[in-house]
Amino acid sequence: MASLQLTWLEPDSPFPEVTQALAEPAGLLAAGADLSIPRLRAAYTQGIFPWFSQDEPPLWWSPDPRMVLKCDALHLSHSLNKRLRQIAKAQQAENFDVVVKVDTAFAAVLRGCARPAQGGQPGTWITEEMQLAYQAWHLVGQVHSIETWINDALVGGLYGVSIGKMFFGESMFSHSTDASKIALAHLVWFLNRQQVGWIDCQMQTSHLASMGAGAVPREQFLAHVQRYTAEPDIAWASGWLDHEGVLHPQVRVSR
């Protein structure tokens with residue numbers, strides 16, 4: 001059998017079928033094109049995402065299997081669950097020293113995710129070109145940041161793409177113990193309320209596996225994406241998330 005060759009994309013080229021992705025490196029499908037919003041949206045709705053380093057052309061991936069966190073399978077360790085209960089109890093007493101916000105510091109979250117990673121989490125692939133592309137997509141309302149703040153300082157969070165009833169997680173960072181996990185837990189609670197069942201995690205990592213993420217066959221993943229990205233977009237707003245996943249439009253602070 002002849003080996004598959006990597007497809008080069010011109011600006012107006014459609015993506016090839018994801019079954020043409022290479023076995024090595026696993027999931028690499030195509031190179032080239034641009035990071036325009038129409039191109040990115042077309043990619044995500046077909047189960048494809050960009051991932052490349054500085055001074056490389058855009059590289060497009062569709063791995064098999066695909067890492068997914070099913071929102072009803074979220075796993076919280078005993079210590080994390082205890083901390084989340086403490087945060088919720090404090091907020092009920094009008095103490096917002098720790099709060100998870102949405103879309104209040106998107107550019108800062110991007111920069112946090114782009115810094116050299118610790119603990120094995122990738123980060124350096126978020127080049128300036130990638131940051132500019134996702135900031136533009138954020139401005140039209142389909143890319144969002146979930147941010148953990150402690151004493152008015154941004155200490156961790158994540159960002160991702162929201163299309164229909166599907167959320168595609170991109171990257172996370174943490175400068176304080178469990179900061180990114182606190183953000184992810186609040187995101188899951190919010191998505192559950194919006195009837196969003198899956199978070200795409202792209203690549204397999206032990207960090208996400210510890211919170212309940214697992215691998216699904218690409219064919220199953222694509223069927224889910226095609227169905228749920230066709231749904232109307234869910235409602236997002238700048239604000240803060242409580243322990244029930246309610247997005248409050250005004251950010252609360254303890255003062």
# chains A, B, ... in the order shown; residues from 1 in each chain; ligands from 1
>>> residues_around(residues="range 28-32 of chain A", least_positions_apart="6", cutoff="7 Å", atoms="only C-alpha atoms", output="list in words")
Leu6, Thr7, Trp8, Leu9, Glu10, Val18, Gln20, Ala21, Leu22, Pro57, Pro58, Leu59, Trp60, Trp61 and Ser62 of chain A
>>> residues_around(residues="Val68 in chain A", least_positions_apart="5", cutoff="7 Å", atoms="only C-alpha atoms", output="number ranges by chain")
A: 198-201, 213-216
>>> atom_distance(atom1="CA of Gln142 in chain A", atom2="CA of Ile163 in chain A")
6.5 Å
>>> residues_around(residues="Met211 in chain A", least_positions_apart="2", cutoff="8 Å", atoms="only C-alpha atoms", output="number ranges by chain")
A: 74-77, 207-209, 213
>>> write_last_selection(atoms="N, CA and C atoms", output="mmCIF file, in the first residue's frame")
data_model
loop_
_atom_site.group_PDB
_atom_site.id
_atom_site.type_symbol
_atom_site.label_atom_id
_atom_site.label_comp_id
_atom_site.auth_asym_id
_atom_site.auth_seq_id
_atom_site.Cartn_x
_atom_site.Cartn_y
_atom_site.Cartn_z
ATOM 1 N N LEU A 74 -16.945 14.203 34.844
ATOM 2 C CA LEU A 74 -15.934 14.992 35.550
ATOM 3 C C LEU A 74 -15.568 14.324 36.869
ATOM 4 N N HIS A 75 -14.276 14.145 37.098
ATOM 5 C CA HIS A 75 -13.786 13.538 38.338
ATOM 6 C C HIS A 75 -13.034 14.592 39.140
ATOM 7 N N LEU A 76 -13.446 14.782 40.384
ATOM 8 C CA LEU A 76 -12.787 15.730 41.276
ATOM 9 C C LEU A 76 -12.136 14.948 42.409
ATOM 10 N N SER A 77 -10.863 15.195 42.628
ATOM 11 C CA SER A 77 -10.192 14.560 43.756
ATOM 12 C C SER A 77 -10.805 15.052 45.064
ATOM 13 N N HIS A 207 -2.864 15.084 33.011
ATOM 14 C CA HIS A 207 -3.560 16.136 33.756
ATOM 15 C C HIS A 207 -5.058 16.050 33.521
ATOM 16 N N LEU A 208 -5.468 15.932 32.255
ATOM 17 C CA LEU A 208 -6.886 15.869 31.929
ATOM 18 C C LEU A 208 -7.468 14.505 32.262
ATOM 19 N N ALA A 209 -6.674 13.459 32.090
ATOM 20 C CA ALA A 209 -7.157 12.124 32.431
ATOM 21 C C ALA A 209 -7.510 12.030 33.912
ATOM 22 N N ALA A 213 -11.143 12.758 31.736
ATOM 23 C CA ALA A 213 -11.087 12.717 30.277
ATOM 24 C C ALA A 213 -10.606 11.350 29.800
#
>>> atom_distance(atom1="CA of Arg218 in chain A", atom2="CA of Asp64 in chain A")
4.9 Å
>>> select_by_dssp(residues="range 98-245 of chain A", states="helix (DSSP H, G or I)", output="JSON, numbers by chain")
{"A": [106, 107, 108, 109, 110, 111, 112, 113, 114, 128, 129, 130, 131, 132, 133, 134, 135, 136, 137, 138, 139, 179, 180, 181, 182, 183, 184, 185, 186, 187, 188, 189, 190, 191, 192, 193, 206, 207, 208, 209, 218, 219, 220, 221, 222, 223, 224, 225, 226, 227, 228]}
>>> closest_atom_pairs(of="range 96-156 of chain A", to="range 79-87 of chain A", cutoff="9 Å", atoms="only C-alpha atoms", output="Markdown table")
| residue | atom | partner | partner_atom | distance |
| --- | --- | --- | --- | --- |
| A:Phe96 | CA | A:Ile87 | CA | 8.2 |
| A:Asp97 | CA | A:Ile87 | CA | 8.6 |
| A:Val98 | CA | A:Ile87 | CA | 6.5 |
| A:Val99 | CA | A:Ile87 | CA | 7.7 |
>>> residues_around(residues="Leu222 in chain A", least_positions_apart="3", cutoff="7 Å", atoms="only C-alpha atoms", output="ChimeraX atom specification")
/A:46-47,218-219,225-226
